[in-house]
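Asker: Pasting data23.cif below, which is mmCIF, C-alpha atoms and all ligand atoms.
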data_run
loop_
_atom_site.group_PDB
_atom_site.id
_atom_site.type_symbol
_atom_site.label_atom_id
_atom_site.label_comp_id
_atom_site.auth_asym_id
_atom_site.auth_seq_id
_atom_site.Cartn_x
_atom_site.Cartn_y
_atom_site.Cartn_z
ATOM 1 C CA ALA A 104 17.928 -21.011 28.288
ATOM 2 C CA LYS A 105 14.691 -21.639 30.165
ATOM 3 C CA ARG A 106 16.410 -21.377 33.547
ATOM 4 C CA SER A 107 18.739 -18.467 32.993
ATOM 5 C CA GLY A 108 17.948 -16.878 36.348
ATOM 6 C CA ARG A 109 15.137 -14.809 37.802
ATOM 7 C CA GLY A 110 16.547 -11.480 36.715
ATOM 8 C CA VAL A 111 16.555 -12.418 33.054
ATOM 9 C CA VAL A 112 13.063 -13.823 33.242
ATOM 10 C CA ARG A 113 11.737 -10.731 34.939
ATOM 11 C CA LEU A 114 13.415 -8.440 32.406
ATOM 12 C CA PHE A 115 11.721 -10.389 29.635
ATOM 13 C CA ASP A 116 8.359 -10.149 31.391
ATOM 14 C CA ASP A 117 8.720 -6.387 31.856
ATOM 15 C CA SER A 118 9.394 -5.744 28.217
ATOM 16 C CA MET A 119 6.470 -8.003 27.287
ATOM 17 C CA ASP A 120 4.264 -5.978 29.621
ATOM 18 C CA GLU A 121 5.468 -2.790 28.046
ATOM 19 C CA SER A 122 4.755 -3.870 24.491
ATOM 20 C CA ILE A 123 1.318 -5.146 25.521
ATOM 21 C CA ARG A 124 0.601 -1.852 27.251
ATOM 22 C CA PHE A 125 1.762 0.045 24.148
ATOM 23 C CA ARG A 126 -0.475 -2.057 21.944
ATOM 24 C CA ARG A 127 -3.431 -1.493 24.215
ATOM 25 C CA ARG A 128 -2.879 2.265 24.246
ATOM 26 C CA VAL A 129 -2.559 2.351 20.480
ATOM 27 C CA GLU A 130 -5.761 0.333 20.147
ATOM 28 C CA GLU A 131 -7.629 2.650 22.501
ATOM 29 C CA GLY A 132 -6.279 5.741 20.782
ATOM 30 C CA LEU A 133 -7.104 4.427 17.327
ATOM 31 C CA THR A 134 -10.657 3.630 18.369
ATOM 32 C CA GLN A 135 -11.229 7.344 18.844
ATOM 33 C CA ALA A 136 -8.870 8.659 16.192
ATOM 34 C CA ILE A 137 -11.511 8.908 13.487
ATOM 35 C CA ALA A 138 -14.039 10.804 15.598
ATOM 36 C CA LYS A 139 -11.311 13.079 16.930
ATOM 37 C CA GLN A 140 -10.085 13.788 13.394
ATOM 38 C CA GLU A 141 -6.549 12.671 14.129
ATOM 39 C CA LEU A 142 -6.166 10.722 10.903
ATOM 40 C CA ALA A 143 -4.908 12.141 7.636
ATOM 41 C CA LEU A 144 -4.496 10.579 4.233
ATOM 42 C CA LEU A 145 -1.504 11.863 2.259
ATOM 43 C CA TYR A 146 -1.085 11.345 -1.473
ATOM 44 C CA GLN A 147 2.072 10.478 -3.375
ATOM 45 C CA PRO A 148 2.087 10.870 -7.164
ATOM 46 C CA ILE A 149 2.703 7.937 -9.491
ATOM 47 C CA VAL A 150 4.141 9.201 -12.776
ATOM 48 C CA ALA A 151 4.631 7.846 -16.271
ATOM 49 C CA GLN A 152 8.299 7.265 -17.027
ATOM 50 C CA GLY A 153 9.360 9.600 -19.839
ATOM 51 C CA THR A 154 6.616 12.242 -19.796
ATOM 52 C CA LEU A 155 6.442 12.350 -15.973
ATOM 53 C CA ASP A 156 2.676 12.878 -16.281
ATOM 54 C CA ILE A 157 0.903 12.129 -13.025
ATOM 55 C CA VAL A 158 -1.337 9.140 -13.702
ATOM 56 C CA GLY A 159 -2.432 8.508 -10.114
ATOM 57 C CA PHE A 160 -1.748 9.026 -6.424
ATOM 58 C CA GLU A 161 -1.190 6.454 -3.696
ATOM 59 C CA GLY A 162 -3.023 7.194 -0.451
ATOM 60 C CA LEU A 163 -0.773 6.866 2.615
ATOM 61 C CA LEU A 164 -2.300 6.966 6.077
ATOM 62 C CA ARG A 165 -0.993 9.121 8.945
ATOM 63 C CA TRP A 166 -2.075 9.327 12.577
ATOM 64 C CA ASN A 167 -1.355 12.369 14.700
ATOM 65 C CA SER A 168 -1.871 10.854 18.105
ATOM 66 C CA PRO A 169 -2.006 13.188 21.117
ATOM 67 C CA ASP A 170 -0.270 10.445 23.154
ATOM 68 C CA HIS A 171 2.320 9.196 20.728
ATOM 69 C CA GLY A 172 2.823 12.074 18.323
ATOM 70 C CA ALA A 173 2.866 11.424 14.598
ATOM 71 C CA ILE A 174 3.145 7.676 14.153
ATOM 72 C CA GLY A 175 3.466 5.892 10.877
ATOM 73 C CA PRO A 176 1.235 3.161 9.495
ATOM 74 C CA ALA A 177 4.024 0.585 9.830
ATOM 75 C CA THR A 178 3.456 0.819 13.611
ATOM 76 C CA PHE A 179 -0.308 1.074 13.916
ATOM 77 C CA VAL A 180 -1.722 -0.727 10.861
ATOM 78 C CA PRO A 181 -0.467 -4.143 12.110
ATOM 79 C CA ILE A 182 -2.113 -3.466 15.493
ATOM 80 C CA ALA A 183 -5.376 -2.449 13.807
ATOM 81 C CA GLU A 184 -5.056 -5.519 11.593
ATOM 82 C CA GLU A 185 -5.239 -7.770 14.659
ATOM 83 C CA SER A 186 -8.612 -6.372 15.668
ATOM 84 C CA ASN A 187 -11.708 -5.244 13.831
ATOM 85 C CA LEU A 188 -10.365 -1.697 13.915
ATOM 86 C CA ILE A 189 -8.810 -2.248 10.505
ATOM 87 C CA HIS A 190 -12.257 -2.210 8.923
ATOM 88 C CA ASP A 191 -13.255 1.186 10.345
ATOM 89 C CA LEU A 192 -9.840 2.566 9.503
ATOM 90 C CA GLY A 193 -10.040 1.133 6.001
ATOM 91 C CA ASP A 194 -13.478 2.617 5.435
ATOM 92 C CA TRP A 195 -12.232 6.008 6.540
ATOM 93 C CA VAL A 196 -9.280 5.734 4.139
ATOM 94 C CA LEU A 197 -11.482 4.642 1.261
ATOM 95 C CA ASP A 198 -14.055 7.398 1.809
ATOM 96 C CA SER A 199 -11.289 10.022 2.023
ATOM 97 C CA ALA A 200 -9.562 8.728 -1.098
ATOM 98 C CA LEU A 201 -12.751 8.540 -3.172
ATOM 99 C CA ALA A 202 -13.707 12.075 -2.110
ATOM 100 C CA MET A 203 -10.550 13.397 -3.821
ATOM 101 C CA LEU A 204 -11.452 12.027 -7.231
ATOM 102 C CA ALA A 205 -14.104 14.637 -7.989
ATOM 103 C CA ASP A 206 -11.353 17.291 -7.855
ATOM 104 C CA TRP A 207 -8.811 15.444 -10.012
ATOM 105 C CA PRO A 208 -9.196 15.612 -13.795
ATOM 106 C CA SER A 209 -8.121 12.082 -14.721
ATOM 107 C CA GLN A 210 -5.904 10.480 -12.110
ATOM 108 C CA TYR A 211 -6.755 7.340 -10.178
ATOM 109 C CA VAL A 212 -6.330 6.892 -6.443
ATOM 110 C CA SER A 213 -4.424 3.842 -5.270
ATOM 111 C CA VAL A 214 -5.473 2.514 -1.870
ATOM 112 C CA ASN A 215 -3.636 -0.019 0.319
ATOM 113 C CA PHE A 216 -5.692 -2.922 1.625
ATOM 114 C CA SER A 217 -4.357 -5.241 4.300
ATOM 115 C CA PRO A 218 -4.855 -9.014 3.985
ATOM 116 C CA ARG A 219 -7.649 -8.969 6.539
ATOM 117 C CA GLN A 220 -9.553 -6.299 4.597
ATOM 118 C CA PHE A 221 -9.102 -8.210 1.359
ATOM 119 C CA ARG A 222 -10.449 -11.404 2.912
ATOM 120 C CA ARG A 223 -13.444 -9.666 4.432
ATOM 121 C CA GLN A 224 -16.830 -11.164 3.619
ATOM 122 C CA ASN A 225 -18.286 -9.513 0.527
ATOM 123 C CA PHE A 226 -15.218 -7.340 -0.085
ATOM 124 C CA VAL A 227 -16.212 -6.837 -3.723
ATOM 125 C CA GLY A 228 -19.776 -5.822 -2.884
ATOM 126 C CA HIS A 229 -18.489 -3.437 -0.249
ATOM 127 C CA LEU A 230 -16.221 -1.654 -2.746
ATOM 128 C CA VAL A 231 -18.919 -1.512 -5.399
ATOM 129 C CA GLU A 232 -21.268 0.123 -2.911
ATOM 130 C CA LYS A 233 -18.585 2.653 -1.932
ATOM 131 C CA VAL A 234 -17.797 3.770 -5.491
ATOM 132 C CA GLN A 235 -21.476 3.905 -6.416
ATOM 133 C CA ARG A 236 -22.258 6.061 -3.425
ATOM 134 C CA ALA A 237 -19.334 8.340 -4.335
ATOM 135 C CA GLY A 238 -20.460 8.463 -7.966
ATOM 136 C CA ILE A 239 -17.036 7.326 -9.160
ATOM 137 C CA ALA A 240 -16.092 5.088 -12.095
ATOM 138 C CA PRO A 241 -14.449 1.934 -10.661
ATOM 139 C CA ASP A 242 -11.389 2.303 -12.922
ATOM 140 C CA ARG A 243 -10.380 5.369 -10.909
ATOM 141 C CA LEU A 244 -9.804 3.207 -7.850
ATOM 142 C CA GLN A 245 -6.689 1.037 -7.769
ATOM 143 C CA ILE A 246 -6.593 -1.642 -5.098
ATOM 144 C CA GLU A 247 -3.120 -2.344 -3.724
ATOM 145 C CA ILE A 248 -2.667 -5.717 -2.113
ATOM 146 C CA THR A 249 0.454 -7.627 -1.134
ATOM 147 C CA GLU A 250 1.472 -11.114 -2.078
ATOM 148 C CA THR A 251 0.689 -12.263 1.466
ATOM 149 C CA ALA A 252 -2.961 -11.343 0.979
ATOM 150 C CA ILE A 253 -3.369 -13.505 -2.092
ATOM 151 C CA PHE A 254 -1.018 -16.445 -1.767
ATOM 152 C CA ASP A 255 -2.367 -17.788 1.525
ATOM 153 C CA ASP A 256 -5.588 -18.867 -0.134
ATOM 154 C CA ALA A 257 -4.732 -18.517 -3.781
ATOM 155 C CA GLU A 258 -7.914 -20.049 -5.153
ATOM 156 C CA ARG A 259 -10.239 -17.736 -3.264
ATOM 157 C CA ALA A 260 -8.003 -14.714 -3.913
ATOM 158 C CA ALA A 261 -7.945 -15.420 -7.644
ATOM 159 C CA ASP A 262 -11.747 -15.481 -7.609
ATOM 160 C CA THR A 263 -11.958 -12.183 -5.681
ATOM 161 C CA LEU A 264 -9.477 -10.503 -8.033
ATOM 162 C CA TYR A 265 -11.340 -11.768 -11.059
ATOM 163 C CA ARG A 266 -14.605 -10.317 -9.791
ATOM 164 C CA LEU A 267 -12.975 -7.000 -8.842
ATOM 165 C CA ARG A 268 -11.479 -6.763 -12.301
ATOM 166 C CA GLN A 269 -14.841 -7.561 -13.903
ATOM 167 C CA MET A 270 -16.385 -4.719 -11.954
ATOM 168 C CA GLY A 271 -13.741 -2.461 -13.504
ATOM 169 C CA PHE A 272 -11.405 -1.834 -10.566
ATOM 170 C CA ARG A 273 -7.650 -1.568 -11.126
ATOM 171 C CA ILE A 274 -5.481 -4.009 -9.188
ATOM 172 C CA ALA A 275 -1.833 -3.612 -8.207
ATOM 173 C CA LEU A 276 0.364 -6.203 -6.530
ATOM 174 C CA ASP A 277 2.348 -4.239 -3.934
ATOM 175 C CA ASP A 278 5.890 -4.871 -2.630
ATOM 176 C CA PHE A 279 6.408 -7.314 -5.468
ATOM 177 C CA GLY A 280 9.467 -9.508 -5.034
ATOM 178 C CA THR A 281 9.445 -9.559 -1.239
ATOM 179 C CA GLY A 282 6.780 -12.240 -0.764
ATOM 180 C CA TYR A 283 6.752 -15.864 -1.688
ATOM 181 C CA SER A 284 4.735 -15.740 -4.862
ATOM 182 C CA SER A 285 5.847 -18.031 -7.597
ATOM 183 C CA LEU A 286 6.142 -16.656 -11.080
ATOM 184 C CA TYR A 287 4.016 -19.555 -12.182
ATOM 185 C CA ASN A 288 1.124 -18.452 -9.994
ATOM 186 C CA ILE A 289 1.173 -14.831 -10.987
ATOM 187 C CA ARG A 290 -0.489 -15.446 -14.344
ATOM 188 C CA LYS A 291 -3.588 -16.830 -12.607
ATOM 189 C CA PHE A 292 -4.334 -13.495 -10.969
ATOM 190 C CA ALA A 293 -6.216 -10.694 -12.678
ATOM 191 C CA LEU A 294 -3.788 -7.779 -12.263
ATOM 192 C CA ASP A 295 -3.098 -4.407 -13.861
ATOM 193 C CA CYS A 296 0.138 -3.474 -12.211
ATOM 194 C CA LEU A 297 3.198 -4.759 -10.345
ATOM 195 C CA LYS A 298 4.873 -2.468 -7.815
ATOM 196 C CA ILE A 299 8.566 -3.225 -7.368
ATOM 197 C CA ASP A 300 9.495 -3.006 -3.696
ATOM 198 C CA ARG A 301 11.637 -0.051 -2.647
ATOM 199 C CA SER A 302 14.367 -2.345 -1.253
ATOM 200 C CA PHE A 303 15.277 -3.487 -4.796
ATOM 201 C CA ILE A 304 15.292 0.062 -6.200
ATOM 202 C CA ASP A 305 17.464 1.101 -3.275
ATOM 203 C CA GLY A 306 19.947 -1.711 -3.915
ATOM 204 C CA MET A 307 19.974 -1.316 -7.693
ATOM 205 C CA GLY A 308 23.042 0.940 -7.875
ATOM 206 C CA ARG A 309 25.067 -1.125 -5.386
ATOM 207 C CA GLU A 310 24.296 -4.790 -5.887
ATOM 208 C CA ARG A 311 24.111 -6.810 -9.073
ATOM 209 C CA GLU A 312 21.431 -8.977 -7.454
ATOM 210 C CA SER A 313 18.996 -6.099 -6.914
ATOM 211 C CA ALA A 314 19.554 -4.782 -10.428
ATOM 212 C CA ALA A 315 18.937 -8.276 -11.821
ATOM 213 C CA ILE A 316 15.708 -8.620 -9.829
ATOM 214 C CA VAL A 317 14.482 -5.199 -10.994
ATOM 215 C CA HIS A 318 15.225 -6.140 -14.615
ATOM 216 C CA SER A 319 13.450 -9.472 -14.386
ATOM 217 C CA ILE A 320 10.344 -7.998 -12.746
ATOM 218 C CA ILE A 321 10.160 -5.396 -15.528
ATOM 219 C CA HIS A 322 10.542 -8.137 -18.167
ATOM 220 C CA LEU A 323 7.879 -10.221 -16.497
ATOM 221 C CA ALA A 324 5.487 -7.271 -16.298
ATOM 222 C CA ARG A 325 5.986 -6.488 -19.975
ATOM 223 C CA ALA A 326 5.501 -10.079 -21.031
ATOM 224 C CA LEU A 327 2.243 -10.188 -19.070
ATOM 225 C CA ARG A 328 1.248 -6.722 -20.358
ATOM 226 C CA LEU A 329 1.147 -5.232 -16.874
ATOM 227 C CA GLU A 330 2.160 -1.774 -15.793
ATOM 228 C CA VAL A 331 5.178 -1.715 -13.530
ATOM 229 C CA VAL A 332 5.767 0.950 -10.876
ATOM 230 C CA ALA A 333 9.191 1.394 -9.298
ATOM 231 C CA GLU A 334 8.677 2.453 -5.667
ATOM 232 C CA GLY A 335 11.031 4.567 -3.576
ATOM 233 C CA VAL A 336 12.794 6.310 -6.465
ATOM 234 C CA GLU A 337 15.131 8.767 -4.753
ATOM 235 C CA THR A 338 17.821 9.713 -7.275
ATOM 236 C CA GLU A 339 18.249 10.820 -10.855
ATOM 237 C CA GLN A 340 20.545 7.824 -11.444
ATOM 238 C CA GLN A 341 17.710 5.498 -10.483
ATOM 239 C CA VAL A 342 15.395 7.301 -12.921
ATOM 240 C CA GLN A 343 17.961 6.784 -15.720
ATOM 241 C CA ALA A 344 18.529 3.133 -14.884
ATOM 242 C CA LEU A 345 14.785 2.495 -14.744
ATOM 243 C CA ARG A 346 14.294 4.230 -18.075
ATOM 244 C CA LEU A 347 16.931 2.008 -19.686
ATOM 245 C CA ALA A 348 15.324 -1.029 -18.093
ATOM 246 C CA GLY A 349 11.956 -0.079 -19.629
ATOM 247 C CA CYS A 350 10.067 0.563 -16.406
ATOM 248 C CA SER A 351 6.680 2.142 -17.219
ATOM 249 C CA HIS A 352 5.986 4.149 -14.024
ATOM 250 C CA LEU A 353 7.856 5.788 -11.151
ATOM 251 C CA GLN A 354 7.047 6.778 -7.569
ATOM 252 C CA GLY A 355 9.311 8.147 -4.855
ATOM 253 C CA TYR A 356 10.823 11.121 -3.075
ATOM 254 C CA PHE A 357 12.802 12.132 -6.188
ATOM 255 C CA LEU A 358 9.459 12.970 -7.831
ATOM 256 C CA SER A 359 7.505 13.994 -4.748
ATOM 257 C CA ARG A 360 7.020 13.129 -1.119
ATOM 258 C CA PRO A 361 3.488 12.254 -0.017
ATOM 259 C CA VAL A 362 1.509 15.548 0.193
ATOM 260 C CA ASP A 363 -1.847 16.578 1.644
ATOM 261 C CA GLY A 364 -5.054 16.508 -0.348
ATOM 262 C CA ALA A 365 -5.023 20.182 -1.350
ATOM 263 C CA ALA A 366 -1.452 19.970 -2.663
ATOM 264 C CA ALA A 367 -2.278 16.751 -4.505
ATOM 265 C CA THR A 368 -5.221 18.449 -6.199
ATOM 266 C CA ASP A 369 -2.963 21.340 -7.308
ATOM 267 C CA MET A 370 -0.530 18.848 -8.793
ATOM 268 C CA ALA A 371 -3.311 16.810 -10.404
ATOM 269 C CA ARG A 372 -4.743 19.889 -12.113
ATOM 270 C CA SER A 373 -1.604 21.697 -13.200
ATOM 271 C CA GLY A 374 0.776 18.793 -13.651
ATOM 272 C CA ALA A 375 3.290 21.035 -11.882
ATOM 273 C CA TRP A 376 5.506 19.922 -9.041
ATOM 274 C CA PRO A 377 5.311 21.544 -5.618
HETATM 275 P P1 LIG B 401 3.824 0.773 1.058
HETATM 276 O O1 LIG B 401 2.447 0.533 0.544
HETATM 277 O O2 LIG B 401 4.911 -0.045 0.469
HETATM 278 O O3 LIG B 401 4.067 2.336 0.874
HETATM 279 C C1 LIG B 401 5.290 2.894 0.483
HETATM 280 C C2 LIG B 401 6.021 3.511 1.659
HETATM 281 O O4 LIG B 401 7.256 4.053 1.211
HETATM 282 C C3 LIG B 401 5.279 4.669 2.309
HETATM 283 O O5 LIG B 401 5.588 4.653 3.698
HETATM 284 C C4 LIG B 401 5.900 5.882 1.617
HETATM 285 O O6 LIG B 401 5.755 7.085 2.373
HETATM 286 C C5 LIG B 401 7.328 5.436 1.520
HETATM 287 N N1 LIG B 401 8.075 6.071 0.431
HETATM 288 C C6 LIG B 401 7.607 6.540 -0.753
HETATM 289 N N2 LIG B 401 8.611 7.010 -1.533
HETATM 290 C C7 LIG B 401 9.754 6.834 -0.819
HETATM 291 C C8 LIG B 401 11.135 7.127 -1.091
HETATM 292 O O7 LIG B 401 11.527 7.631 -2.143
HETATM 293 N N3 LIG B 401 12.023 6.795 -0.115
HETATM 294 C C9 LIG B 401 11.638 6.236 1.075
HETATM 295 N N4 LIG B 401 12.579 5.962 1.977
HETATM 296 N N5 LIG B 401 10.336 5.929 1.353
HETATM 297 C C10 LIG B 401 9.414 6.236 0.411
HETATM 298 P P2 LIG B 401 4.464 4.881 4.777
HETATM 299 O O8 LIG B 401 3.556 5.986 4.326
HETATM 300 O O9 LIG B 401 5.127 5.001 6.102
HETATM 301 O O10 LIG B 401 3.622 3.531 4.749
HETATM 302 C C11 LIG B 401 4.176 2.321 5.203
HETATM 303 C C12 LIG B 401 3.275 1.161 4.893
HETATM 304 O O11 LIG B 401 2.048 1.242 5.648
HETATM 305 C C13 LIG B 401 2.830 1.115 3.439
HETATM 306 O O12 LIG B 401 3.854 0.545 2.663
HETATM 307 C C14 LIG B 401 1.584 0.267 3.537
HETATM 308 O O13 LIG B 401 1.912 -1.097 3.575
HETATM 309 C C15 LIG B 401 1.020 0.664 4.889
HETATM 310 N N6 LIG B 401 -0.083 1.649 4.687
HETATM 311 C C16 LIG B 401 -0.012 2.979 4.429
HETATM 312 N N7 LIG B 401 -1.236 3.528 4.316
HETATM 313 C C17 LIG B 401 -2.119 2.517 4.479
HETATM 314 C C18 LIG B 401 -3.559 2.420 4.453
HETATM 315 O O14 LIG B 401 -4.291 3.394 4.208
HETATM 316 N N8 LIG B 401 -4.098 1.186 4.688
HETATM 317 C C19 LIG B 401 -3.342 0.068 4.926
HETATM 318 N N9 LIG B 401 -3.957 -1.125 5.128
HETATM 319 N N10 LIG B 401 -1.996 0.106 4.946
HETATM 320 C C20 LIG B 401 -1.389 1.318 4.724
HETATM 321 CA CA CA B 402 1.399 0.441 -1.291
HETATM 322 CA CA CA B 403 4.879 -0.891 -1.604
HETATM 323 CA CA CA B 404 6.424 -1.603 1.473
#
Turn this file's structure into C-alpha cells for me.
Answerer:
Amino acid sequence: AKRSGRGVVRLFDDSMDESIRFRRRVEEGLTQAIAKQELALLYQPIVAQGTLDIVGFEGLLRWNSPDHGAIGPATFVPIAEESNLIHDLGDWVLDSALAMLADWPSQYVSVNFSPRQFRRQNFVGHLVEKVQRAGIAPDRLQIEITETAIFDDAERAADTLYRLRQMGFRIALDDFGTGYSSLYNIRKFALDCLKIDRSFIDGMGRERESAAIVHSIIHLARALRLEVVAEGVETEQQVQALRLAGCSHLQGYFLSRPVDGAAATDMARSGAWP
C-alpha cells in the first residue's frame, strides 16, 4: 500500500505531524512542570488480606498541565522515558515519596521506576544517597519495576537487584504476568513481592484463564516465599476469591482510590478509611 494515492499519504503525514507536535509540547511542558509545581504524587494503600491493615502506599504520579489539563502517567511517562526528563521526574517522585515516611508510623512507600531509571549508571548508589539524606531506613522504600526492565539484560538486572536487596530495599515485580519472564528465571532475582496485573484480577470472575493465572501466580509466590499483591481490586467478590486463593495483599478502588499526601497520612495513622 505504498502507492495508495496522495490523499492517503498526506493524511498519514498530518497525523504524524500532530503526534510529534503533541510530544514536543508535552516535553516542553514537563521540563517546567517541577519548577511550576504542576506535579503531584498520590498514594494508594496496599493492605494485608484478612486484617486489611495498611502495610504500604504506592506512589502514583499526576501532572496538572495548564495546556493539557490533568494527564495521566500512561501518557507522559513514556515521553519522559525517551529523554533524560525521566531522571528529573523520577528524582522529584522519590524525594516526595521519601518525605512522607516521617509522618507514617510503619508503612513503606512503593515507587515505580521505569526501565531507563533502573538501568541508570549507579542506580543503587543513587538510591542509597537519597534514603540517607532523608534519614530513612531502606526497608521503608519498595522499588517497583516491571519485567521489561529486568529481562532485557537479565544478568545485569540480577546483579542490581541483589545489591539493592543487600542494602535493605524492598523489591516488587510489577504487572506480573504481562511480560515475557519465564518462571525459570524468576528465582534468580532477589525479590520481595509479585504484583499481579489488574487485567487478570479484572478477568477473574469472567474467564477461567484469568482465574487460573491468578491462582498460579499466588502459588508461585508462596512457593518462593514472596508477598503477592493483587492490583485493581474493585469488588467484594474479588476480595473473597482472592482470600480463598490465599493472596497475601490487596490494592484497588474497592479499598481506596489513590489519595493526596495529607489523606494518606490520616489513613496511615488511624488505619481508618476515608
Ligand atoms: P501501575 O504501576 O500498574 O499502577 C496501577 C494503575 O492502576 C494506576 O494508574 C492506578 O491509579 C490504577 N488503579 C489502581 N487501582 C485500580 C482499580 O481498582 N481499578 C482501576 N481501573 N485502576 C486502578 P495510574 O496512576 O494512571 O498509573 C499508570 C501507570 O503509570 C502505572 O501503572 C505506572 O506504570 C506508571 N506510573 C505511575 N506513577 C509513576 C511514577 O512515579 N514513575 C514512573 N516511572 N511510572 C509511574
Ligand atoms: Ca506499579
Ligand atoms: Ca502494576
Ligand atoms: Ca499496570
Asker: Just give me the gap between atom CA of Gln354 of chain A and atom CA of Leu329 of chain A in Å, one decimal is fine.
Answerer: 16.3 Å
Asker: Starting from the displayed file, determine the output of the PyMOL selection byres (((chain A and resi 125-130) around 12) and not hetatm) and express the residue list as a PyMOL selection string.
Answerer: chain A and resi 118-124+131-136+166-172+174-176+178-189+192
Asker: On this file, the PyMOL selection byres (((chain A and resi 310-320) around 10) and not hetatm) gives some set of residues; write that set as a list in words.
Answerer: Phe279, Gly280, Leu286, Leu297, Lys298, Ile299, Asp300, Ser302, Phe303, Ile304, Asp305, Gly306, Met307, Gly308, Arg309, Ile321, His322, Leu323, Ala324, Arg325, Ala326, Val331, Ala333, Ala344, Leu345, Leu347, Ala348, Gly349 and Cys350 of chain A
Asker: Please give me, as number ranges by chain, the residues lying within 8 Å of ligand CA 404 (chain B) when counting all atoms listed in the file.
Answerer: A: 277-278, 300-301
Asker: Fewer than 2 positions away in the same chain doesn't count, so skip those; otherwise give me all residues within 10 Å of Ile253 of chain A, counting only C-alpha atoms, as number ranges by chain.
Answerer: A: 218, 221-222, 248-251, 255-261, 263-264, 276, 284, 292
Asker: Could you check the closest approach to Arg236 of chain A for each of A:Met270, A:Ala143, A:Ala173, A:Leu201 and tell me which residue wins, using all atoms listed in the file?
Answerer: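 When distances to Arg236 of chain A are compared using all atoms listed in the file, the smallest one comes from A:Leu201.
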Asker: Can I get the residues close to ligand CA 402 (chain B) as a list in words, where close means within 7 Å and we count only C-alpha atoms and all ligand atoms?
Answerer: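 Every residue with an atom at most 7 Å from ligand CA 402 (chain B) is listed here: Glu161, Asn215, Glu247 and Asp277 of chain A.
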Asker: Write to file, as a short mmCIF file (atom, residue, chain, number, x, y, z; two decimals), in the coordinates of the input, the residues of the selection just made, with C-alpha atoms.
Answerer:
data_model
loop_
_atom_site.label_atom_id
_atom_site.label_comp_id
_atom_site.auth_asym_id
_atom_site.auth_seq_id
_atom_site.Cartn_x
_atom_site.Cartn_y
_atom_site.Cartn_z
CA GLU A 161 -1.19 6.45 -3.70
CA ASN A 215 -3.64 -0.02 0.32
CA GLU A 247 -3.12 -2.34 -3.72
CA ASP A 277 2.35 -4.24 -3.93
#
Asker: Return as an mmCIF file with C-alpha atoms, in the coordinates of the input the set of residues that the PyMOL selection byres (((chain A and resi 338) around 10) and not hetatm) yields on the displayed structure.
Answerer:
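What landed in selection37.cif:
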data_model
loop_
_atom_site.group_PDB
_atom_site.id
_atom_site.type_symbol
_atom_site.label_atom_id
_atom_site.label_comp_id
_atom_site.auth_asym_id
_atom_site.auth_seq_id
_atom_site.Cartn_x
_atom_site.Cartn_y
_atom_site.Cartn_z
ATOM 1 C CA ASP A 305 17.464 1.101 -3.275
ATOM 2 C CA GLY A 335 11.031 4.567 -3.576
ATOM 3 C CA VAL A 336 12.794 6.310 -6.465
ATOM 4 C CA GLU A 337 15.131 8.767 -4.753
ATOM 5 C CA GLU A 339 18.249 10.820 -10.855
ATOM 6 C CA GLN A 340 20.545 7.824 -11.444
ATOM 7 C CA GLN A 341 17.710 5.498 -10.483
ATOM 8 C CA VAL A 342 15.395 7.301 -12.921
ATOM 9 C CA GLN A 343 17.961 6.784 -15.720
ATOM 10 C CA GLY A 355 9.311 8.147 -4.855
ATOM 11 C CA TYR A 356 10.823 11.121 -3.075
ATOM 12 C CA PHE A 357 12.802 12.132 -6.188
ATOM 13 C CA LEU A 358 9.459 12.970 -7.831
#
Asker: Select, from A:Asp191, A:Asp295, A:Glu330, A:Asp262, the residue with the minimum atom-to-atom distance to ligand LIG 401 (chain B), counting only C-alpha atoms and all ligand atoms.
Answerer: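 Using only C-alpha atoms and all ligand atoms, the shortest distance to ligand LIG 401 (chain B) belongs to A:Asp191.
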Asker: I'd like the neighbourhood of segment 203-210 of chain A as an NGL selection string, where a residue qualifies if any of its atoms comes within 12 Å (using only C-alpha atoms), though same-chain residues fewer than 4 positions away should be ignored.
Answerer: :A and (144-151 or 156-162 or 196-199 or 234 or 237-245 or 363-374)
Asker: Could you give me segment 141-150 of chain A completed to N, CA and C atoms, formatted as a PDB file, in the frame of the given file?
Answerer:
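For reference, selection_28.pdb as written:
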ATOM      1  N   GLU A 141      -8.007  12.750  14.007  1.00  0.00           N
ATOM      2  CA  GLU A 141      -6.549  12.671  14.129  1.00  0.00           C
ATOM      3  C   GLU A 141      -5.901  11.968  12.948  1.00  0.00           C
ATOM      4  N   LEU A 142      -6.728  11.434  12.059  1.00  0.00           N
ATOM      5  CA  LEU A 142      -6.166  10.722  10.903  1.00  0.00           C
ATOM      6  C   LEU A 142      -6.034  11.662   9.712  1.00  0.00           C
ATOM      7  N   ALA A 143      -5.058  11.394   8.896  1.00  0.00           N
ATOM      8  CA  ALA A 143      -4.908  12.141   7.636  1.00  0.00           C
ATOM      9  C   ALA A 143      -4.478  11.159   6.557  1.00  0.00           C
ATOM     10  N   LEU A 144      -4.967  11.381   5.355  1.00  0.00           N
ATOM     11  CA  LEU A 144      -4.496  10.579   4.233  1.00  0.00           C
ATOM     12  C   LEU A 144      -3.653  11.496   3.344  1.00  0.00           C
ATOM     13  N   LEU A 145      -2.383  11.121   3.162  1.00  0.00           N
ATOM     14  CA  LEU A 145      -1.504  11.863   2.259  1.00  0.00           C
ATOM     15  C   LEU A 145      -1.501  11.158   0.907  1.00  0.00           C
ATOM     16  N   TYR A 146      -1.033  11.881  -0.111  1.00  0.00           N
ATOM     17  CA  TYR A 146      -1.085  11.345  -1.473  1.00  0.00           C
ATOM     18  C   TYR A 146       0.275  11.503  -2.134  1.00  0.00           C
ATOM     19  N   GLN A 147       0.791  10.409  -2.677  1.00  0.00           N
ATOM     20  CA  GLN A 147       2.072  10.478  -3.375  1.00  0.00           C
ATOM     21  C   GLN A 147       1.858  10.170  -4.858  1.00  0.00           C
ATOM     22  N   PRO A 148       2.327  11.079  -5.738  1.00  0.00           N
ATOM     23  CA  PRO A 148       2.087  10.870  -7.164  1.00  0.00           C
ATOM     24  C   PRO A 148       2.799   9.638  -7.728  1.00  0.00           C
ATOM     25  N   ILE A 149       2.127   9.017  -8.683  1.00  0.00           N
ATOM     26  CA  ILE A 149       2.703   7.937  -9.491  1.00  0.00           C
ATOM     27  C   ILE A 149       2.773   8.498 -10.904  1.00  0.00           C
ATOM     28  N   VAL A 150       3.971   8.509 -11.495  1.00  0.00           N
ATOM     29  CA  VAL A 150       4.141   9.201 -12.776  1.00  0.00           C
ATOM     30  C   VAL A 150       4.562   8.245 -13.878  1.00  0.00           C
TER      31      VAL A 150
END
